[in-house]
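What follows is the content of entry14.txt (compact mmCIF, C-alpha atoms).
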```txt
# COMPACT_ATOMS: atom_id res chain seq x y z
CA MET A 1 -8.63 -13.17 -54.78
CA ALA A 2 -10.92 -15.40 -56.77
CA THR A 3 -10.91 -15.28 -60.53
CA THR A 4 -14.33 -15.84 -62.03
CA ILE A 5 -14.88 -15.82 -65.75
CA ALA A 6 -18.27 -15.41 -67.42
CA GLN A 7 -18.39 -16.09 -71.13
CA LEU A 8 -21.29 -15.53 -73.50
CA THR A 9 -21.44 -17.12 -76.92
CA LEU A 10 -24.15 -16.28 -79.44
CA THR A 11 -24.09 -18.35 -82.60
CA SER A 12 -26.27 -18.92 -85.62
CA THR A 13 -25.54 -20.15 -89.09
CA ASP A 14 -28.91 -19.26 -90.58
CA LEU A 15 -30.29 -16.21 -88.79
CA LEU A 16 -28.49 -13.86 -91.17
CA SER A 17 -26.82 -14.22 -94.55
CA ASP A 18 -23.53 -14.31 -92.70
CA SER A 19 -22.79 -16.52 -89.72
CA LEU A 20 -23.38 -14.99 -86.34
CA ALA A 21 -20.60 -15.61 -83.85
CA VAL A 22 -20.49 -13.27 -80.88
CA SER A 23 -18.29 -14.04 -77.94
CA SER A 24 -17.93 -11.87 -74.87
CA VAL A 25 -15.72 -12.76 -71.93
CA ALA A 26 -15.82 -10.95 -68.60
CA THR A 27 -13.61 -11.38 -65.60
CA LEU A 28 -16.01 -10.57 -62.80
CA THR A 29 -14.61 -8.05 -60.34
CA ALA A 30 -15.70 -6.09 -57.32
CA ALA A 31 -17.30 -2.69 -57.82
CA GLY A 32 -14.80 -0.15 -59.10
CA SER A 33 -11.77 -2.38 -58.73
CA SER A 34 -9.88 -5.22 -60.33
CA THR A 35 -10.32 -7.47 -57.32
CA GLY A 36 -12.25 -10.63 -58.09
CA LEU A 37 -15.67 -11.45 -56.69
CA THR A 38 -15.48 -13.34 -53.44
CA ARG A 39 -18.85 -14.93 -52.72
CA THR A 40 -21.76 -16.77 -54.26
CA GLU A 41 -25.27 -17.70 -53.26
CA GLY A 42 -26.09 -20.88 -55.08
CA LEU A 43 -25.76 -22.47 -57.48
CA GLY A 44 -29.14 -23.66 -56.36
CA ARG A 45 -32.62 -24.60 -57.48
CA LYS A 46 -36.00 -23.51 -56.24
CA GLN A 47 -39.32 -25.13 -56.94
CA THR A 48 -42.47 -23.07 -57.04
CA ALA A 49 -45.73 -24.60 -55.91
CA ASN A 50 -48.19 -22.34 -57.66
CA THR A 51 -48.44 -19.23 -59.79
CA SER A 52 -47.93 -16.78 -56.96
CA GLU A 53 -45.16 -14.22 -57.01
CA TYR A 54 -42.01 -15.26 -55.15
CA THR A 55 -39.10 -13.15 -53.95
CA LEU A 56 -35.92 -14.72 -55.20
CA PHE A 57 -33.45 -12.11 -53.94
CA ASP A 58 -34.36 -9.68 -51.17
CA ALA A 59 -32.53 -6.38 -51.70
CA SER A 60 -32.65 -5.57 -47.99
CA GLN A 61 -30.37 -8.54 -47.40
CA HIS A 62 -27.69 -7.17 -49.70
CA THR A 63 -25.57 -4.06 -50.10
CA ASP A 64 -26.53 -1.39 -52.61
CA ASP A 65 -24.52 -0.97 -55.78
CA LYS A 66 -22.07 -3.76 -55.29
CA ALA A 67 -21.02 -5.85 -58.27
CA HIS A 68 -23.88 -8.30 -57.88
CA LYS A 69 -24.50 -10.57 -60.85
CA ILE A 70 -27.51 -12.84 -61.14
CA TYR A 71 -27.81 -16.01 -63.17
CA LEU A 72 -31.24 -17.57 -63.74
CA LYS A 73 -32.39 -20.56 -65.74
CA ASN A 74 -35.90 -21.87 -66.31
CA LEU A 75 -35.59 -25.65 -66.06
CA SER A 76 -39.00 -26.36 -67.56
CA THR A 77 -39.10 -28.38 -70.75
CA THR A 78 -42.59 -27.24 -71.72
CA ALA A 79 -42.06 -24.49 -74.26
CA ALA A 80 -45.01 -22.37 -73.16
CA GLU A 81 -44.00 -22.24 -69.51
CA TYR A 82 -42.20 -19.14 -68.30
CA PHE A 83 -41.20 -17.12 -65.30
CA ILE A 84 -42.02 -13.43 -65.22
CA VAL A 85 -38.90 -11.74 -63.87
CA GLU A 86 -39.35 -8.48 -61.99
CA VAL A 87 -36.81 -6.08 -60.55
CA ALA A 88 -38.19 -3.56 -58.07
CA GLY A 89 -41.70 -4.45 -59.13
CA THR A 90 -40.98 -3.76 -62.79
CA VAL A 91 -41.38 -6.60 -65.25
CA VAL A 92 -38.14 -6.89 -67.17
CA GLY A 93 -38.88 -10.03 -69.12
CA ARG A 94 -40.25 -13.52 -69.41
CA LEU A 95 -37.85 -16.39 -69.03
CA TYR A 96 -39.21 -19.22 -71.14
CA ALA A 97 -38.48 -22.93 -70.83
CA GLY A 98 -34.80 -23.69 -71.07
CA ASP A 99 -33.80 -20.05 -71.26
CA TRP A 100 -31.23 -18.43 -69.02
CA ALA A 101 -30.34 -14.87 -68.06
CA PHE A 102 -27.28 -13.19 -66.61
CA PHE A 103 -27.44 -9.59 -65.50
CA PRO A 104 -26.09 -7.08 -62.98
CA TRP A 105 -28.25 -6.24 -60.00
CA ALA A 106 -28.24 -2.95 -58.11
CA ALA A 107 -29.87 -4.36 -54.94
CA ASP A 108 -30.92 -0.78 -54.27
CA THR A 109 -32.90 -0.14 -51.13
CA THR A 110 -32.35 3.62 -51.01
CA SER A 111 -34.65 4.88 -53.73
CA THR A 112 -36.65 1.74 -54.27
CA ASN A 113 -37.00 -1.81 -53.05
CA CYS A 114 -34.98 -3.59 -55.70
CA ASP A 115 -36.04 -7.15 -54.94
CA VAL A 116 -35.84 -9.72 -57.70
CA ASP A 117 -39.19 -11.47 -57.91
CA ILE A 118 -40.37 -14.33 -60.08
CA THR A 119 -43.86 -15.40 -61.04
CA PRO A 120 -44.22 -18.83 -62.66
CA SER A 121 -46.81 -19.35 -65.35
CA ALA A 122 -47.71 -22.83 -64.10
CA ASN A 123 -47.62 -24.89 -60.95
CA ASP A 124 -44.56 -26.87 -59.92
CA MET A 125 -41.91 -25.14 -61.97
CA MET A 126 -38.19 -25.20 -61.22
CA LEU A 127 -35.72 -22.33 -61.42
CA GLU A 128 -31.95 -22.53 -61.21
CA TYR A 129 -30.23 -19.49 -59.76
CA MET A 130 -26.94 -18.06 -58.57
CA LEU A 131 -25.80 -14.74 -57.18
CA LEU A 132 -22.17 -13.72 -57.57
CA THR A 133 -21.15 -10.82 -55.38
CA ASP A 134 -18.37 -8.84 -53.76
CA GLU A 135 -20.18 -7.97 -50.53
CA MET B 136 -36.66 -21.20 -89.00
CA ALA B 137 -33.36 -19.93 -87.75
CA ILE B 138 -31.44 -21.59 -84.96
CA THR B 139 -29.70 -19.11 -82.69
CA THR B 140 -27.92 -20.48 -79.66
CA ALA B 141 -26.98 -18.54 -76.56
CA THR B 142 -24.46 -20.20 -74.29
CA ILE B 143 -23.07 -19.11 -70.95
CA ASP B 144 -20.03 -20.52 -69.21
CA ILE B 145 -19.14 -19.38 -65.71
CA THR B 146 -15.95 -20.79 -64.29
CA SER B 147 -14.00 -20.18 -61.12
CA THR B 148 -11.62 -22.65 -59.61
CA ASP B 149 -11.45 -20.48 -56.49
CA LEU B 150 -15.22 -20.43 -55.95
CA GLY B 151 -15.74 -23.96 -57.23
CA ILE B 152 -17.94 -23.00 -60.15
CA SER B 153 -18.08 -24.70 -63.52
CA LEU B 154 -21.43 -23.81 -65.01
CA ASN B 155 -22.61 -24.23 -68.57
CA ALA B 156 -26.08 -23.44 -69.90
CA SER B 157 -27.27 -23.21 -73.46
CA THR B 158 -30.56 -22.33 -75.07
CA ASN B 159 -31.94 -21.92 -78.55
CA LEU B 160 -33.72 -18.58 -78.80
CA SER B 161 -37.32 -19.33 -79.70
CA LYS B 162 -40.46 -17.46 -80.55
CA THR B 163 -42.90 -16.94 -77.74
CA GLY B 164 -43.97 -20.19 -76.13
CA THR B 165 -42.76 -22.37 -78.96
CA SER B 166 -39.64 -24.19 -80.10
CA THR B 167 -39.58 -22.24 -83.36
CA GLY B 168 -36.47 -20.16 -83.70
CA LEU B 169 -36.44 -16.38 -83.62
CA GLU B 170 -35.78 -14.71 -86.96
CA ILE B 171 -35.34 -11.03 -86.20
CA MET B 172 -32.19 -9.43 -84.89
CA ASP B 173 -30.76 -5.97 -84.51
CA ALA B 174 -27.29 -5.12 -83.29
CA GLY B 175 -24.94 -2.21 -82.99
CA TYR B 176 -22.03 -0.49 -81.35
CA GLY B 177 -21.70 3.01 -79.96
CA GLU B 178 -20.40 5.28 -77.25
CA VAL B 179 -22.11 7.10 -74.44
CA THR B 180 -20.56 9.73 -72.20
CA VAL B 181 -21.42 11.20 -68.84
CA ALA B 182 -22.47 14.37 -70.61
CA HIS B 183 -25.09 12.47 -72.55
CA GLY B 184 -27.06 11.56 -69.44
CA GLY B 185 -29.52 8.71 -69.87
CA LYS B 186 -29.97 7.47 -73.42
CA ALA B 187 -32.55 5.09 -74.80
CA LEU B 188 -30.70 2.10 -76.17
CA LEU B 189 -33.74 0.13 -77.27
CA GLU B 190 -37.18 1.63 -77.45
CA ALA B 191 -40.25 -0.38 -76.71
CA SER B 192 -42.70 -0.38 -79.56
CA ALA B 193 -46.33 0.49 -79.24
CA VAL B 194 -47.34 -0.73 -82.66
CA SER B 195 -45.27 -3.82 -83.33
CA GLY B 196 -46.53 -7.27 -82.55
CA ASP B 197 -43.87 -7.98 -80.02
CA ARG B 198 -45.49 -7.05 -76.76
CA ASP B 199 -44.98 -9.56 -74.01
CA THR B 200 -43.23 -11.92 -76.36
CA SER B 201 -39.83 -13.53 -76.27
CA ASN B 202 -37.28 -10.82 -76.76
CA TYR B 203 -33.73 -11.10 -75.56
CA PHE B 204 -31.04 -8.51 -75.38
CA TYR B 205 -27.30 -8.56 -75.00
CA LEU B 206 -25.29 -5.59 -73.83
CA SER B 207 -21.57 -5.29 -73.21
CA ASN B 208 -19.69 -2.40 -71.64
CA LYS B 209 -16.49 -2.12 -73.66
CA ALA B 210 -14.84 0.42 -71.35
CA THR B 211 -11.56 -0.70 -69.84
CA ASP B 212 -11.39 1.63 -66.83
CA GLU B 213 -12.88 -0.28 -63.92
CA THR B 214 -14.65 2.84 -62.60
CA TYR B 215 -16.63 3.31 -65.82
CA TYR B 216 -20.08 1.80 -65.34
CA LEU B 217 -23.18 1.72 -67.42
CA ILE B 218 -26.33 2.08 -65.38
CA VAL B 219 -28.92 -0.07 -67.12
CA LYS B 220 -32.59 0.71 -66.74
CA ILE B 221 -35.70 -0.99 -68.02
CA HIS B 222 -38.91 0.95 -67.82
CA ASP B 223 -36.88 3.66 -66.04
CA GLN B 224 -36.08 1.22 -63.24
CA ILE B 225 -32.42 0.53 -62.47
CA VAL B 226 -31.68 -3.14 -63.01
CA GLY B 227 -27.98 -2.92 -62.30
CA ARG B 228 -24.63 -1.37 -63.01
CA LEU B 229 -22.70 -2.99 -65.84
CA SER B 230 -19.02 -2.75 -65.01
CA ALA B 231 -16.28 -2.17 -67.55
CA GLY B 232 -15.72 -5.32 -69.54
CA ASP B 233 -18.91 -6.97 -68.31
CA TRP B 234 -21.86 -8.16 -70.35
CA MET B 235 -25.47 -9.05 -69.69
CA PHE B 236 -28.04 -11.18 -71.48
CA MET B 237 -31.65 -11.34 -70.42
CA PRO B 238 -35.21 -11.48 -71.67
CA TRP B 239 -37.03 -8.24 -72.33
CA SER B 240 -40.78 -7.85 -72.28
CA GLN B 241 -42.04 -4.82 -74.06
CA GLY B 242 -45.08 -4.77 -71.89
CA ASP B 243 -45.95 -1.20 -72.74
CA ASP B 244 -44.64 1.78 -74.62
CA ALA B 245 -42.42 2.84 -71.72
CA ALA B 246 -40.52 -0.42 -71.37
CA GLU B 247 -37.45 0.97 -73.08
CA ILE B 248 -33.92 -0.02 -72.16
CA SER B 249 -31.73 2.95 -71.31
CA ILE B 250 -28.09 3.33 -70.39
CA THR B 251 -26.20 6.02 -68.49
CA ALA B 252 -22.42 6.29 -68.25
CA THR B 253 -21.13 7.08 -64.78
CA ASN B 254 -17.64 8.15 -65.81
CA GLY B 255 -15.87 9.19 -68.98
CA THR B 256 -16.86 7.48 -72.20
CA CYS B 257 -18.25 3.98 -72.32
CA ALA B 258 -18.28 2.14 -75.61
CA TYR B 259 -21.00 -0.45 -75.79
CA GLU B 260 -22.09 -3.32 -77.97
CA TYR B 261 -25.64 -4.58 -78.10
CA ALA B 262 -27.91 -7.04 -79.84
CA VAL B 263 -31.61 -7.71 -79.57
CA PHE B 264 -33.42 -10.82 -80.75
CA LYS B 265 -37.17 -10.66 -81.30
CA SER B 266 -40.08 -12.95 -81.86
CA ALA B 267 -41.78 -10.50 -84.15
CA TYR B 268 -41.46 -6.98 -85.32
CA THR B 269 -43.59 -4.83 -87.58
CA LEU B 270 -42.12 -1.71 -89.06
CA VAL B 271 -43.79 1.45 -87.91
CA ASP B 272 -45.45 3.74 -90.42
CA ARG B 273 -43.21 6.37 -91.89
CA THR B 274 -43.60 9.91 -90.73
CA ALA B 275 -45.36 11.85 -93.47
```

Hey, can you dump this file as structure tokens for me?
Amino acid sequence: MATTIAQLTLTSTDLLSDSLAVSSVATLTAAGSSTGLTRTEGLGRKQTANTSEYTLFDASQHTDDKAHKIYLKNLSTTAAEYFIVEVAGTVVGRLYAGDWAFFPWAADTTSTNCDVDITPSANDMMLEYMLLTDE
Amino acid sequence: MAITTATIDITSTDLGISLNASTNLSKTGTSTGLEIMDAGYGEVTVAHGGKALLEASAVSGDRDTSNYFYLSNKATDETYYLIVKIHDQIVGRLSAGDWMFMPWSQGDDAAEISITATNGTCAYEYAVFKSAYTLVDRTA
């Protein structure tokens, strides 16, 4: 059983009148159990050629409702450049230059096609990605 | 200008992972730091059904801008999930003890973030960081 730890740290000394220091640590486990995740796709990087929409993770290639976790990072250094991130055709957010995201993914193909798609705002952008899973 | 830093570390000796990424949360398309934050803690039960955790705003100036949210499921029973939806679309199931951090575009009024507990009572912790926010008019 693999032990995989994901830790988030949010810090700021000047956002509020008191220092912000949030830390959250998760030991990533399989769905409904204490068994550790067993597989990854990535860590990898993908380069986009133009501003078309790309499918990053195809839900039909994965099992519904497992403990999938997705990590994304926009490797651009141009502040205005972003990736639109969609799940099942719904825009969830814009990932701007240097930003990262980490979120669970249902990979549902029963009620909807839960692909994860990205649309870059400029040509020739680079995205770093990883899927952690128990399937 | 505030400097707020979000850092992720993912480590697994078994899977050969040692990942670190850090970013300063900035206003839309700039390197100017975000200055607006909201945070809280609560509980949601199965009986509650789906609850809006963060409502999208129709009148604030934060549409399609850089917003980020953090959510943690504080339940300890491994069968207690939070189903997380954005715009009524399931993004994923947040297991007990897990957290998520991602951008959030309030593209329209319906782009709310909602949570549903699948078992028992799930305590949760959240924070949202925004580029801009304008208070809505009071209800007369």

Take CA of Ala21 in chain A and CA of Asp99 in chain A and report the distance between them in Å, one decimal.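 Computing the Euclidean distance for CA of Ala21 in chain A and CA of Asp99 in chain A yields 18.8 Å.
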
Would you list the residues near (-36.2, -21.1, -71.8) (no more than 12 Å away, in the coordinates of the file, using all atoms listed in the file) as a PyMOL selection string? (chain A and resi 72-84+93-101+126-128) or (chain B and resi 140-141+156-166+168+201-203+237-238)

Between A:Ser33, A:Ser17, A:Thr40, A:Thr11, single out the one closest to Asp212 in chain B, counting only C-alpha atoms.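 Selected residue with least distance to Asp212 in chain B: A:Ser33.
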
Can you work out which residues from chain B touch chain A at a cut-off of 6 Å (counting all atoms listed in the file) and hand them back as a ChimeraX atom specification? /B:137-147,149,158,164-165,170,213-214,226-228,232-233,235-240

For Asp134 in chain A, which of A:Gly44, A:Ala49, A:Ser19, A:His62 is the closest residue, counting only C-alpha atoms?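 Ranked by minimum distance to Asp134 in chain A, first place goes to A:His62.
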
When you draw a straight line from CA of Thr133 in chain A to CA of Leu150 in chain B, how long is it in Å?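 A separation of 11.3 Å between them.
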
By how many Å are CA of Phe264 in chain B and CA of Glu178 in chain B apart? 21.0 Å

I need range 4-50 of chain A written out with N, CA and C atoms, as an mmCIF file, in the first residue's frame; please produce it.
```cif
data_model
loop_
_atom_site.group_PDB
_atom_site.id
_atom_site.type_symbol
_atom_site.label_atom_id
_atom_site.label_comp_id
_atom_site.auth_asym_id
_atom_site.auth_seq_id
_atom_site.Cartn_x
_atom_site.Cartn_y
_atom_site.Cartn_z
ATOM 1 N N THR A 4 0.575 8.317 0.239
ATOM 2 C CA THR A 4 0.748 9.561 -0.492
ATOM 3 C C THR A 4 0.145 10.696 0.327
ATOM 4 N N ILE A 5 0.958 11.694 0.563
ATOM 5 C CA ILE A 5 0.538 12.819 1.387
ATOM 6 C C ILE A 5 0.420 14.059 0.512
ATOM 7 N N ALA A 6 -0.719 14.744 0.630
ATOM 8 C CA ALA A 6 -0.903 16.029 -0.048
ATOM 9 C C ALA A 6 -1.095 17.104 1.009
ATOM 10 N N GLN A 7 -0.245 18.094 0.965
ATOM 11 C CA GLN A 7 -0.320 19.160 1.975
ATOM 12 C C GLN A 7 -0.517 20.509 1.301
ATOM 13 N N LEU A 8 -1.478 21.244 1.831
ATOM 14 C CA LEU A 8 -1.751 22.611 1.377
ATOM 15 C C LEU A 8 -1.310 23.573 2.467
ATOM 16 N N THR A 9 -0.658 24.640 2.041
ATOM 17 C CA THR A 9 -0.309 25.707 2.977
ATOM 18 C C THR A 9 -0.730 27.032 2.369
ATOM 19 N N LEU A 10 -1.529 27.778 3.105
ATOM 20 C CA LEU A 10 -1.954 29.109 2.688
ATOM 21 C C LEU A 10 -1.400 30.099 3.703
ATOM 22 N N THR A 11 -0.596 31.032 3.243
ATOM 23 C CA THR A 11 0.016 31.976 4.169
ATOM 24 C C THR A 11 -0.066 33.396 3.640
ATOM 25 N N SER A 12 -0.213 34.324 4.569
ATOM 26 C CA SER A 12 -0.127 35.737 4.248
ATOM 27 C C SER A 12 0.108 36.506 5.534
ATOM 28 N N THR A 13 0.999 37.463 5.438
ATOM 29 C CA THR A 13 1.248 38.294 6.620
ATOM 30 C C THR A 13 0.530 39.634 6.531
ATOM 31 N N ASP A 14 -0.036 39.935 5.348
ATOM 32 C CA ASP A 14 -0.640 41.258 5.212
ATOM 33 C C ASP A 14 -2.024 41.267 4.561
ATOM 34 N N LEU A 15 -2.611 40.094 4.367
ATOM 35 C CA LEU A 15 -3.960 40.068 3.814
ATOM 36 C C LEU A 15 -4.972 40.530 4.855
ATOM 37 N N LEU A 16 -4.762 40.098 6.083
ATOM 38 C CA LEU A 16 -5.648 40.442 7.193
ATOM 39 C C LEU A 16 -4.832 41.115 8.296
ATOM 40 N N SER A 17 -5.518 41.580 9.312
ATOM 41 C CA SER A 17 -4.816 42.207 10.437
ATOM 42 C C SER A 17 -4.070 41.185 11.279
ATOM 43 N N ASP A 18 -4.424 39.941 11.110
ATOM 44 C CA ASP A 18 -3.698 38.855 11.759
ATOM 45 C C ASP A 18 -3.077 37.991 10.658
ATOM 46 N N SER A 19 -1.999 37.340 10.970
ATOM 47 C CA SER A 19 -1.356 36.489 9.958
ATOM 48 C C SER A 19 -2.261 35.328 9.583
ATOM 49 N N LEU A 20 -2.238 35.022 8.302
ATOM 50 C CA LEU A 20 -2.980 33.868 7.812
ATOM 51 C C LEU A 20 -2.012 32.694 7.698
ATOM 52 N N ALA A 21 -2.363 31.600 8.314
ATOM 53 C CA ALA A 21 -1.515 30.403 8.227
ATOM 54 C C ALA A 21 -2.430 29.184 8.297
ATOM 55 N N VAL A 22 -2.822 28.718 7.139
ATOM 56 C CA VAL A 22 -3.695 27.547 7.051
ATOM 57 C C VAL A 22 -2.875 26.381 6.514
ATOM 58 N N SER A 23 -2.953 25.277 7.197
ATOM 59 C CA SER A 23 -2.269 24.087 6.719
ATOM 60 C C SER A 23 -3.247 22.921 6.761
ATOM 61 N N SER A 24 -3.320 22.185 5.683
ATOM 62 C CA SER A 24 -4.207 21.031 5.631
ATOM 63 C C SER A 24 -3.426 19.873 5.020
ATOM 64 N N VAL A 25 -3.433 18.767 5.719
ATOM 65 C CA VAL A 25 -2.667 17.599 5.283
ATOM 66 C C VAL A 25 -3.621 16.438 5.063
ATOM 67 N N ALA A 26 -3.545 15.819 3.907
ATOM 68 C CA ALA A 26 -4.400 14.677 3.594
ATOM 69 C C ALA A 26 -3.543 13.488 3.198
ATOM 70 N N THR A 27 -3.866 12.364 3.780
ATOM 71 C CA THR A 27 -3.291 11.099 3.315
ATOM 72 C C THR A 27 -4.266 10.516 2.309
ATOM 73 N N LEU A 28 -3.863 10.471 1.075
ATOM 74 C CA LEU A 28 -4.790 10.126 -0.008
ATOM 75 C C LEU A 28 -5.061 8.628 -0.019
ATOM 76 N N THR A 29 -6.345 8.290 0.057
ATOM 77 C CA THR A 29 -6.740 6.882 0.145
ATOM 78 C C THR A 29 -7.755 6.539 -0.924
ATOM 79 N N ALA A 30 -7.932 5.241 -1.113
ATOM 80 C CA ALA A 30 -8.928 4.750 -2.058
ATOM 81 C C ALA A 30 -10.325 5.078 -1.551
ATOM 82 N N ALA A 31 -11.290 5.050 -2.473
ATOM 83 C CA ALA A 31 -12.656 5.427 -2.135
ATOM 84 C C ALA A 31 -13.201 4.551 -1.016
ATOM 85 N N GLY A 32 -13.649 5.188 0.062
ATOM 86 C CA GLY A 32 -14.311 4.493 1.149
ATOM 87 C C GLY A 32 -13.442 3.556 1.946
ATOM 88 N N SER A 33 -12.134 3.754 1.903
ATOM 89 C CA SER A 33 -11.256 2.867 2.658
ATOM 90 C C SER A 33 -10.046 3.641 3.159
ATOM 91 N N SER A 34 -9.211 2.955 3.907
ATOM 92 C CA SER A 34 -7.980 3.583 4.380
ATOM 93 C C SER A 34 -6.770 3.077 3.606
ATOM 94 N N THR A 35 -7.033 2.390 2.513
ATOM 95 C CA THR A 35 -5.952 1.890 1.660
ATOM 96 C C THR A 35 -5.429 3.021 0.780
ATOM 97 N N GLY A 36 -4.138 3.136 0.680
ATOM 98 C CA GLY A 36 -3.552 4.228 -0.081
ATOM 99 C C GLY A 36 -3.779 4.115 -1.572
ATOM 100 N N LEU A 37 -3.708 5.264 -2.250
ATOM 101 C CA LEU A 37 -3.817 5.273 -3.705
ATOM 102 C C LEU A 37 -2.668 4.473 -4.314
ATOM 103 N N THR A 38 -2.913 3.915 -5.472
ATOM 104 C CA THR A 38 -1.949 2.959 -6.020
ATOM 105 C C THR A 38 -1.373 3.347 -7.376
ATOM 106 N N ARG A 39 -1.884 4.402 -7.998
ATOM 107 C CA ARG A 39 -1.467 4.654 -9.374
ATOM 108 C C ARG A 39 -1.466 6.146 -9.690
ATOM 109 N N THR A 40 -0.616 6.540 -10.592
ATOM 110 C CA THR A 40 -0.624 7.918 -11.064
ATOM 111 C C THR A 40 -0.568 7.944 -12.588
ATOM 112 N N GLU A 41 -1.076 9.002 -13.146
ATOM 113 C CA GLU A 41 -0.815 9.352 -14.547
ATOM 114 C C GLU A 41 -0.098 10.679 -14.504
ATOM 115 N N GLY A 42 1.103 10.726 -15.001
ATOM 116 C CA GLY A 42 1.950 11.883 -14.807
ATOM 117 C C GLY A 42 2.791 11.621 -13.564
ATOM 118 N N LEU A 43 3.476 12.493 -13.168
ATOM 119 C CA LEU A 43 3.551 13.892 -13.470
ATOM 120 C C LEU A 43 4.008 14.075 -14.910
ATOM 121 N N GLY A 44 3.274 14.948 -15.625
ATOM 122 C CA GLY A 44 3.641 15.200 -16.986
ATOM 123 C C GLY A 44 3.341 16.639 -17.388
ATOM 124 N N ARG A 45 3.730 16.968 -18.604
ATOM 125 C CA ARG A 45 3.463 18.297 -19.151
ATOM 126 C C ARG A 45 2.877 18.151 -20.539
ATOM 127 N N LYS A 46 1.957 19.027 -20.851
ATOM 128 C CA LYS A 46 1.389 19.076 -22.192
ATOM 129 C C LYS A 46 1.499 20.492 -22.723
ATOM 130 N N GLN A 47 1.834 20.558 -23.999
ATOM 131 C CA GLN A 47 1.902 21.870 -24.651
ATOM 132 C C GLN A 47 0.725 21.997 -25.601
ATOM 133 N N THR A 48 0.094 23.138 -25.565
ATOM 134 C CA THR A 48 -1.029 23.384 -26.467
ATOM 135 C C THR A 48 -0.547 24.247 -27.620
ATOM 136 N N ALA A 49 -1.055 23.961 -28.796
ATOM 137 C CA ALA A 49 -0.577 24.686 -29.975
ATOM 138 C C ALA A 49 -1.366 25.962 -30.225
ATOM 139 N N ASN A 50 -2.645 25.900 -29.915
ATOM 140 C CA ASN A 50 -3.493 27.056 -30.211
ATOM 141 C C ASN A 50 -4.565 27.181 -29.130
#
```
